[in-house]
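Undergrad: Below is my_file29.cif; it holds mmCIF, C-alpha atoms.
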data_start
loop_
_atom_site.label_atom_id
_atom_site.label_comp_id
_atom_site.auth_asym_id
_atom_site.auth_seq_id
_atom_site.Cartn_x
_atom_site.Cartn_y
_atom_site.Cartn_z
CA MET A 1172 -12.39 1.69 18.46
CA ARG A 1173 -15.35 0.08 20.19
CA PHE A 1174 -16.02 -3.59 19.51
CA VAL A 1175 -19.47 -4.96 20.36
CA GLY A 1176 -19.84 -8.65 19.62
CA THR A 1177 -22.15 -11.40 20.77
CA GLY A 1178 -20.61 -11.36 24.23
CA TRP A 1179 -17.71 -8.93 24.26
CA GLN A 1180 -17.84 -5.16 24.53
CA LEU A 1181 -14.34 -3.74 24.26
CA ASP A 1182 -12.89 -0.24 24.04
CA LEU A 1183 -9.69 -0.65 22.07
CA PRO A 1184 -7.02 1.45 20.34
CA LEU A 1185 -7.12 1.86 16.59
CA PRO A 1186 -5.05 -0.66 14.63
CA SER A 1187 -1.53 0.53 13.83
CA LEU A 1188 -2.05 -0.26 10.14
CA PRO A 1189 -3.13 2.74 8.05
CA GLY A 1190 -6.39 2.76 6.15
CA ALA A 1191 -10.02 2.88 7.26
CA HIS A 1192 -10.51 -0.67 5.97
CA GLN A 1193 -8.22 -1.92 8.75
CA LEU A 1194 -10.98 -1.19 11.30
CA ALA A 1195 -13.22 -3.75 9.59
CA ASN A 1196 -10.31 -6.19 9.33
CA ALA A 1197 -9.55 -5.80 13.05
CA ALA A 1198 -13.20 -6.18 14.02
CA THR A 1199 -13.45 -9.36 11.93
CA ALA A 1200 -10.37 -10.83 13.62
CA ILE A 1201 -11.72 -9.95 17.09
CA ALA A 1202 -15.11 -11.46 16.23
CA CYS A 1203 -13.35 -14.69 15.25
CA LEU A 1204 -11.41 -14.68 18.54
CA GLU A 1205 -14.66 -14.20 20.44
CA GLN A 1206 -16.14 -17.31 18.83
CA LEU A 1207 -13.24 -19.66 19.60
CA SER A 1208 -14.24 -22.14 22.26
CA GLY A 1209 -11.66 -23.20 24.80
CA PHE A 1210 -9.54 -20.18 24.01
CA SER A 1211 -9.29 -17.02 26.05
CA ILE A 1212 -7.47 -13.79 25.44
CA SER A 1213 -7.52 -10.62 27.50
CA ALA A 1214 -8.67 -7.24 26.26
CA GLU A 1215 -5.18 -5.99 27.12
CA ALA A 1216 -3.60 -8.56 24.82
CA ILE A 1217 -5.96 -7.60 21.99
CA ALA A 1218 -5.17 -3.91 22.54
CA HIS A 1219 -1.43 -4.65 22.53
CA GLY A 1220 -1.81 -6.60 19.30
CA LEU A 1221 -3.73 -3.78 17.61
CA ARG A 1222 -1.08 -1.24 18.57
CA HIS A 1223 1.77 -3.38 17.25
CA ILE A 1224 0.48 -4.90 14.02
CA GLU A 1225 3.07 -5.09 11.26
CA TRP A 1226 2.14 -6.30 7.80
CA PRO A 1227 4.84 -5.78 5.18
CA ALA A 1228 3.68 -4.35 1.86
CA ARG A 1229 0.24 -3.34 3.14
CA LEU A 1230 0.40 0.44 3.13
CA GLN A 1231 3.84 0.09 4.64
CA ARG A 1232 5.75 3.32 5.00
CA LEU A 1233 9.40 2.80 4.14
CA THR A 1234 11.44 4.93 6.53
CA HIS A 1235 14.98 3.95 5.55
CA GLY A 1236 17.01 2.31 2.82
CA PRO A 1237 18.58 3.22 -0.51
CA LEU A 1238 15.28 3.95 -2.29
CA LEU A 1239 14.29 6.56 0.27
CA SER A 1240 17.80 8.02 0.41
CA THR A 1241 17.56 8.69 -3.35
CA LEU A 1242 14.52 10.90 -2.80
CA PRO A 1243 14.60 14.49 -1.51
CA ALA A 1244 14.17 15.11 2.22
CA GLY A 1245 10.52 15.26 3.21
CA THR A 1246 9.41 12.69 0.64
CA GLU A 1247 7.16 9.91 1.91
CA LEU A 1248 7.72 6.45 0.41
CA TRP A 1249 4.95 3.86 0.72
CA LEU A 1250 4.68 0.23 -0.43
CA ASP A 1251 1.54 -1.81 -1.06
CA GLY A 1252 1.17 -5.24 -2.65
CA GLY A 1253 -2.44 -4.66 -3.70
CA HIS A 1254 -3.09 -5.81 -7.27
CA ASN A 1255 -6.84 -6.08 -7.98
CA PRO A 1256 -9.73 -3.62 -8.36
CA SER A 1257 -10.74 -4.00 -4.69
CA ALA A 1258 -7.21 -3.11 -3.59
CA GLY A 1259 -7.30 -0.19 -6.00
CA GLU A 1260 -10.45 1.07 -4.28
CA VAL A 1261 -8.77 0.87 -0.87
CA LEU A 1262 -5.69 2.68 -2.15
CA GLY A 1263 -7.88 5.26 -3.88
CA ALA A 1264 -9.75 5.93 -0.63
CA THR A 1265 -6.46 6.32 1.21
CA ALA A 1266 -5.02 8.58 -1.50
CA ALA A 1267 -8.12 10.77 -1.24
CA ASP A 1268 -6.76 11.87 2.15
CA TRP A 1269 -3.27 12.46 0.75
CA HIS A 1270 -3.81 15.81 -0.96
CA ASP A 1271 -1.11 17.64 1.02
CA ARG A 1272 1.48 16.74 -1.64
CA PRO A 1273 1.54 15.24 -5.16
CA LEU A 1274 1.28 11.45 -5.38
CA TYR A 1275 3.58 9.57 -7.74
CA LEU A 1276 3.00 5.88 -8.44
CA VAL A 1277 5.58 3.23 -9.30
CA VAL A 1278 3.67 0.21 -10.58
CA GLY A 1279 4.69 -3.32 -11.48
CA MET A 1280 2.10 -6.06 -12.01
CA LEU A 1281 1.66 -9.66 -13.06
CA LYS A 1282 0.31 -10.29 -16.57
CA THR A 1283 -2.77 -12.02 -15.10
CA LYS A 1284 -4.00 -8.85 -13.35
CA ASP A 1285 -6.41 -6.15 -14.53
CA ALA A 1286 -4.16 -3.09 -14.56
CA ALA A 1287 -6.87 -0.61 -15.59
CA GLY A 1288 -9.30 -1.98 -12.98
CA PHE A 1289 -6.66 -1.65 -10.28
CA LEU A 1290 -5.55 1.84 -11.33
CA ALA A 1291 -8.92 3.47 -12.06
CA PRO A 1292 -9.82 4.22 -8.41
CA ILE A 1293 -6.33 5.65 -7.75
CA ALA A 1294 -6.22 7.73 -10.94
CA PRO A 1295 -7.98 10.87 -9.63
CA HIS A 1296 -5.33 11.22 -6.93
CA ALA A 1297 -2.15 10.48 -8.90
CA LYS A 1298 0.09 13.13 -10.44
CA ALA A 1299 1.97 10.57 -12.54
CA LEU A 1300 2.77 6.87 -12.84
CA TYR A 1301 6.07 5.15 -13.60
CA ALA A 1302 5.50 1.67 -15.04
CA VAL A 1303 8.09 -1.03 -14.39
CA THR A 1304 8.29 -4.61 -15.65
CA ILE A 1305 8.81 -6.75 -12.53
CA PRO A 1306 12.43 -7.97 -12.70
CA GLY A 1307 12.96 -11.72 -12.43
CA GLU A 1308 9.24 -12.50 -12.73
CA GLU A 1309 8.15 -15.32 -15.09
CA ASN A 1310 4.86 -13.68 -16.09
CA PRO A 1311 5.21 -9.91 -15.72
CA HIS A 1312 2.84 -7.34 -17.14
CA PRO A 1313 5.14 -5.44 -19.52
CA ALA A 1314 5.72 -1.86 -18.43
CA ALA A 1315 4.43 -0.55 -21.76
CA GLU A 1316 1.10 -2.33 -21.22
CA ILE A 1317 0.81 -1.01 -17.64
CA ALA A 1318 1.52 2.46 -19.05
CA ALA A 1319 -1.21 2.06 -21.67
CA SER A 1320 -3.71 0.98 -19.00
CA ALA A 1321 -2.73 3.94 -16.82
CA GLN A 1322 -3.15 6.36 -19.70
CA ALA A 1323 -6.55 4.83 -20.47
CA VAL A 1324 -7.75 5.75 -16.96
CA GLY A 1325 -6.27 9.25 -17.16
CA ILE A 1326 -2.89 9.01 -15.44
CA GLN A 1327 0.17 10.72 -16.92
CA THR A 1328 2.60 7.86 -17.47
CA GLN A 1329 6.22 7.06 -18.14
CA VAL A 1330 7.87 3.66 -18.70
CA SER A 1331 10.91 3.06 -16.49
CA ASP A 1332 13.62 0.44 -16.97
CA SER A 1333 13.83 -0.33 -13.25
CA ILE A 1334 12.58 0.61 -9.80
CA ASP A 1335 15.76 2.66 -9.30
CA ALA A 1336 15.16 4.54 -12.56
CA ALA A 1337 11.57 5.33 -11.57
CA ILE A 1338 12.66 6.60 -8.15
CA ALA A 1339 15.45 8.67 -9.73
CA SER A 1340 12.92 10.30 -12.08
CA ILE A 1341 10.57 11.10 -9.20
CA ALA A 1342 13.52 12.52 -7.25
CA GLN A 1343 13.70 15.30 -9.88
CA GLN A 1344 10.26 16.61 -8.81
CA LYS A 1345 9.96 19.54 -6.46
CA PRO A 1346 9.54 18.21 -2.91
CA PRO A 1347 7.65 17.38 -0.86
CA VAL A 1348 6.04 14.51 -2.74
CA ARG A 1349 4.56 11.16 -1.81
CA VAL A 1350 5.53 7.96 -3.65
CA LEU A 1351 3.43 4.80 -3.63
CA ILE A 1352 5.01 1.65 -5.05
CA CYS A 1353 2.24 -0.85 -5.76
CA GLY A 1354 0.65 -3.39 -8.08
CA SER A 1355 1.88 -6.79 -6.91
CA LEU A 1356 3.09 -8.70 -3.88
CA HIS A 1357 5.83 -10.08 -6.14
CA PHE A 1358 6.86 -6.52 -7.00
CA ALA A 1359 6.70 -5.54 -3.31
CA GLY A 1360 9.04 -8.42 -2.51
CA VAL A 1361 11.55 -7.17 -5.07
CA VAL A 1362 11.28 -3.65 -3.63
CA LEU A 1363 11.85 -4.86 -0.07
CA ALA A 1364 14.85 -6.92 -1.18
CA GLU A 1365 16.37 -4.00 -3.11
CA ASN A 1366 15.70 -1.54 -0.30
CA GLY A 1367 17.40 -3.83 2.22
#
Would you mind writing the structure in this file as structure tokens?
TA:
Amino acid sequence: MRFVGTGWQLDLPLPSLPGAHQLANAATAIACLEQLSGFSISAEAIAHGLRHIEWPARLQRLTHGPLLSTLPAGTELWLDGGHNPSAGEVLGATAADWHDRPLYLVVGMLKTKDAAGFLAPIAPHAKALYAVTIPGEENPHPAAEIAASAQAVGIQTQVSDSIDAAIASIAQQKPPVRVLICGSLHFAGVVLAENG
């Protein structure tokens, strides 16, 4: 990654976060650093930061825990808290590069979100969607309504009683598959807590 700002020209590693949009995010952060007066940071420190970024629930690959252990060997399990049409576009662009195995979605959303708008950009890349009502949430989008929105944008859909039930259903598919749990930061928090 080459950053050329108003005064800095830096050759840097790519950010450790997946997704092409993270290049723009990194460049924006570096541009802000460049503009801070009375603050200095070395190119080495910026490079170190880019290589070691961690952002839970932003295209986070889950590499251990009970949810992954339920799935067949070789399955990839991803988590993203995106919940609006712009996030759907980013996930759709990422999923466009994921055609080496079928993509299964597990989706939980808040009632205030546009489920069809979020799902439409991901729809061409998804084999199926398992809709879940977010447990313990005061204003969840009911799973049946998420399912209806998913069907409206062309995704084969099933309503699941829980995250565990959705994962167990996906585990019956012939591996290797890729699973993306998404739709809400609240839902992502529940997933991270359950996956310990």
Undergrad: For Tyr1301 of chain A, which of A:Ala1337, A:Ile1326, A:Leu1230, A:Ala1321 is the closest residue, counting only C-alpha atoms?
TA: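 Nearest to Tyr1301 of chain A: A:Ala1337.
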Undergrad: In file coordinates, which residues lie within 6 Å of (4.5, 6.8, -15.4) using only C-alpha atoms, given as a PyMOL selection string?
TA: chain A and resi 1299-1302+1328-1330
Undergrad: Kindly indicate which residue among A:Gly1307, A:Gly1259, A:Cys1203, A:Val1362 lies nearest to Ala1286 of chain A, using all atoms listed in the file for the distances.
TA: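 Smallest separation from Ala1286 of chain A among the options: A:Gly1259.
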Undergrad: With the PyMOL selection byres ((chain A and resi 1363) around 12) as the selection, what would be picked from this file? Answer as a PDB file with C-alpha atoms, in the coordinates of the input, please.
TA:
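Just written: selection-v8.pdb:
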ATOM      1  CA  PRO A1227       4.840  -5.780   5.180  1.00  0.00           C
ATOM      2  CA  ALA A1228       3.680  -4.350   1.860  1.00  0.00           C
ATOM      3  CA  GLN A1231       3.840   0.090   4.640  1.00  0.00           C
ATOM      4  CA  ARG A1232       5.750   3.320   5.000  1.00  0.00           C
ATOM      5  CA  LEU A1233       9.400   2.800   4.140  1.00  0.00           C
ATOM      6  CA  THR A1234      11.440   4.930   6.530  1.00  0.00           C
ATOM      7  CA  HIS A1235      14.980   3.950   5.550  1.00  0.00           C
ATOM      8  CA  GLY A1236      17.010   2.310   2.820  1.00  0.00           C
ATOM      9  CA  PRO A1237      18.580   3.220  -0.510  1.00  0.00           C
ATOM     10  CA  LEU A1238      15.280   3.950  -2.290  1.00  0.00           C
ATOM     11  CA  LEU A1239      14.290   6.560   0.270  1.00  0.00           C
ATOM     12  CA  TRP A1249       4.950   3.860   0.720  1.00  0.00           C
ATOM     13  CA  LEU A1250       4.680   0.230  -0.430  1.00  0.00           C
ATOM     14  CA  ASP A1251       1.540  -1.810  -1.060  1.00  0.00           C
ATOM     15  CA  GLY A1252       1.170  -5.240  -2.650  1.00  0.00           C
ATOM     16  CA  ILE A1334      12.580   0.610  -9.800  1.00  0.00           C
ATOM     17  CA  ILE A1352       5.010   1.650  -5.050  1.00  0.00           C
ATOM     18  CA  CYS A1353       2.240  -0.850  -5.760  1.00  0.00           C
ATOM     19  CA  LEU A1356       3.090  -8.700  -3.880  1.00  0.00           C
ATOM     20  CA  HIS A1357       5.830 -10.080  -6.140  1.00  0.00           C
ATOM     21  CA  PHE A1358       6.860  -6.520  -7.000  1.00  0.00           C
ATOM     22  CA  ALA A1359       6.700  -5.540  -3.310  1.00  0.00           C
ATOM     23  CA  GLY A1360       9.040  -8.420  -2.510  1.00  0.00           C
ATOM     24  CA  VAL A1361      11.550  -7.170  -5.070  1.00  0.00           C
ATOM     25  CA  VAL A1362      11.280  -3.650  -3.630  1.00  0.00           C
ATOM     26  CA  ALA A1364      14.850  -6.920  -1.180  1.00  0.00           C
ATOM     27  CA  GLU A1365      16.370  -4.000  -3.110  1.00  0.00           C
ATOM     28  CA  ASN A1366      15.700  -1.540  -0.300  1.00  0.00           C
ATOM     29  CA  GLY A1367      17.400  -3.830   2.220  1.00  0.00           C
TER      30      GLY A1367
END
Undergrad: Write out as a PyMOL selection string the residues lying within 12 Å of Ala1202 of chain A, counting only C-alpha atoms and excluding same-chain residues fewer than 2 positions away.
TA: chain A and resi 1174-1181+1195-1200+1204-1207+1217
Undergrad: Assuming the chain letters and numbering stay as they are in my file, what does the PyMOL selection byres ((chain A and resi 1320) around 12) actually select? List them as a ChimeraX atom specification.
TA: /A:1278,1280,1284-1291,1294,1300-1302,1312-1319,1321-1330
Undergrad: List the neighbours of Ala1339 of chain A out to 8 Å using only C-alpha atoms; skip same-chain residues closer than 3 positions along the sequence, and give me the result as a list in words.
TA: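 The filter keeps Thr1241, Leu1242, Asp1335, Ala1336, Ala1342 and Gln1343 of chain A.
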Undergrad: Work out how far atom CA of Leu1351 of chain A is from atom CA of His1254 of chain A, in Å to one decimal.
TA: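 Computing it gives 13.0 Å between the two atoms.
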Undergrad: So, with only C-alpha atoms as the atoms that count, which of A:Leu1183, A:Asn1310, A:Glu1225, A:Ala1191 lies closest to Ser1213 of chain A?
TA: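 Going through A:Leu1183, A:Asn1310, A:Glu1225, A:Ala1191 one by one, the smallest distance to Ser1213 of chain A is for A:Leu1183.
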Undergrad: Between A:Leu1188, A:Leu1281, A:Val1303, A:Leu1276, which is the closest to Ile1341 of chain A once you count all atoms listed in the file?
TA: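 Closest to Ile1341 of chain A, using all atoms listed in the file: A:Leu1276.
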Undergrad: If I take atom CA of Met1172 of chain A and atom CA of Thr1265 of chain A, how far is one from the other in Å, to one decimal?
TA: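 Rounded to one decimal, the two atoms are 18.8 Å apart.
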Undergrad: Export segment 1263-1280 of chain A, N, CA, C and O atoms, as a tab-separated table (two decimals), in the first residue's frame; it's the structure right above.
TA:
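Now in result03.tsv:
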chain	number	residue	atom	x	y	z
A	1263	GLY	N	-21.20	-7.92	0.11
A	1263	GLY	CA	-21.42	-8.48	-1.22
A	1263	GLY	C	-20.16	-8.47	-2.06
A	1263	GLY	O	-19.85	-9.45	-2.75
A	1264	ALA	N	-19.39	-7.38	-1.98
A	1264	ALA	CA	-18.12	-7.30	-2.73
A	1264	ALA	C	-17.13	-8.33	-2.22
A	1264	ALA	O	-16.40	-8.96	-3.00
A	1265	THR	N	-17.10	-8.53	-0.93
A	1265	THR	CA	-16.21	-9.55	-0.35
A	1265	THR	C	-16.67	-10.95	-0.78
A	1265	THR	O	-15.87	-11.78	-1.20
A	1266	ALA	N	-17.97	-11.20	-0.68
A	1266	ALA	CA	-18.51	-12.51	-1.05
A	1266	ALA	C	-18.30	-12.82	-2.53
A	1266	ALA	O	-18.23	-13.99	-2.91
A	1267	ALA	N	-18.18	-11.80	-3.34
A	1267	ALA	CA	-17.93	-12.02	-4.78
A	1267	ALA	C	-16.61	-12.74	-5.00
A	1267	ALA	O	-16.44	-13.43	-6.01
A	1268	ASP	N	-15.69	-12.61	-4.06
A	1268	ASP	CA	-14.39	-13.31	-4.15
A	1268	ASP	C	-14.41	-14.65	-3.42
A	1268	ASP	O	-13.38	-15.32	-3.36
A	1269	TRP	N	-15.54	-15.03	-2.87
A	1269	TRP	CA	-15.64	-16.24	-2.07
A	1269	TRP	C	-16.35	-17.37	-2.83
A	1269	TRP	O	-17.15	-18.09	-2.25
A	1270	HIS	N	-16.07	-17.55	-4.09
A	1270	HIS	CA	-16.80	-18.56	-4.86
A	1270	HIS	C	-16.14	-19.93	-4.85
A	1270	HIS	O	-16.49	-20.79	-5.64
A	1271	ASP	N	-15.18	-20.14	-3.94
A	1271	ASP	CA	-14.53	-21.45	-3.86
A	1271	ASP	C	-15.36	-22.45	-3.05
A	1271	ASP	O	-15.05	-23.64	-3.04
A	1272	ARG	N	-16.40	-21.98	-2.38
A	1272	ARG	CA	-17.27	-22.86	-1.60
A	1272	ARG	C	-18.60	-22.15	-1.37
A	1272	ARG	O	-18.66	-20.92	-1.42
A	1273	PRO	N	-19.67	-22.88	-1.12
A	1273	PRO	CA	-20.98	-22.25	-0.91
A	1273	PRO	C	-20.98	-21.37	0.34
A	1273	PRO	O	-20.35	-21.72	1.35
A	1274	LEU	N	-21.70	-20.25	0.25
A	1274	LEU	CA	-21.81	-19.32	1.37
A	1274	LEU	C	-23.19	-19.43	2.01
A	1274	LEU	O	-24.21	-19.29	1.34
A	1275	TYR	N	-23.19	-19.72	3.30
A	1275	TYR	CA	-24.42	-19.77	4.09
A	1275	TYR	C	-24.42	-18.60	5.05
A	1275	TYR	O	-23.42	-18.32	5.71
A	1276	LEU	N	-25.56	-17.92	5.14
A	1276	LEU	CA	-25.70	-16.77	6.02
A	1276	LEU	C	-26.53	-17.14	7.24
A	1276	LEU	O	-27.53	-17.86	7.12
A	1277	VAL	N	-26.13	-16.61	8.40
A	1277	VAL	CA	-26.95	-16.65	9.61
A	1277	VAL	C	-27.17	-15.19	9.96
A	1277	VAL	O	-26.21	-14.46	10.22
A	1278	VAL	N	-28.43	-14.75	9.93
A	1278	VAL	CA	-28.73	-13.32	10.04
A	1278	VAL	C	-29.69	-13.05	11.18
A	1278	VAL	O	-30.75	-13.68	11.29
A	1279	GLY	N	-29.31	-12.09	12.02
A	1279	GLY	CA	-30.17	-11.52	13.05
A	1279	GLY	C	-30.06	-10.02	12.95
A	1279	GLY	O	-28.95	-9.49	12.77
A	1280	MET	N	-31.18	-9.31	13.04
A	1280	MET	CA	-31.16	-7.85	12.87
A	1280	MET	C	-32.08	-7.17	13.88
A	1280	MET	O	-32.95	-7.80	14.46
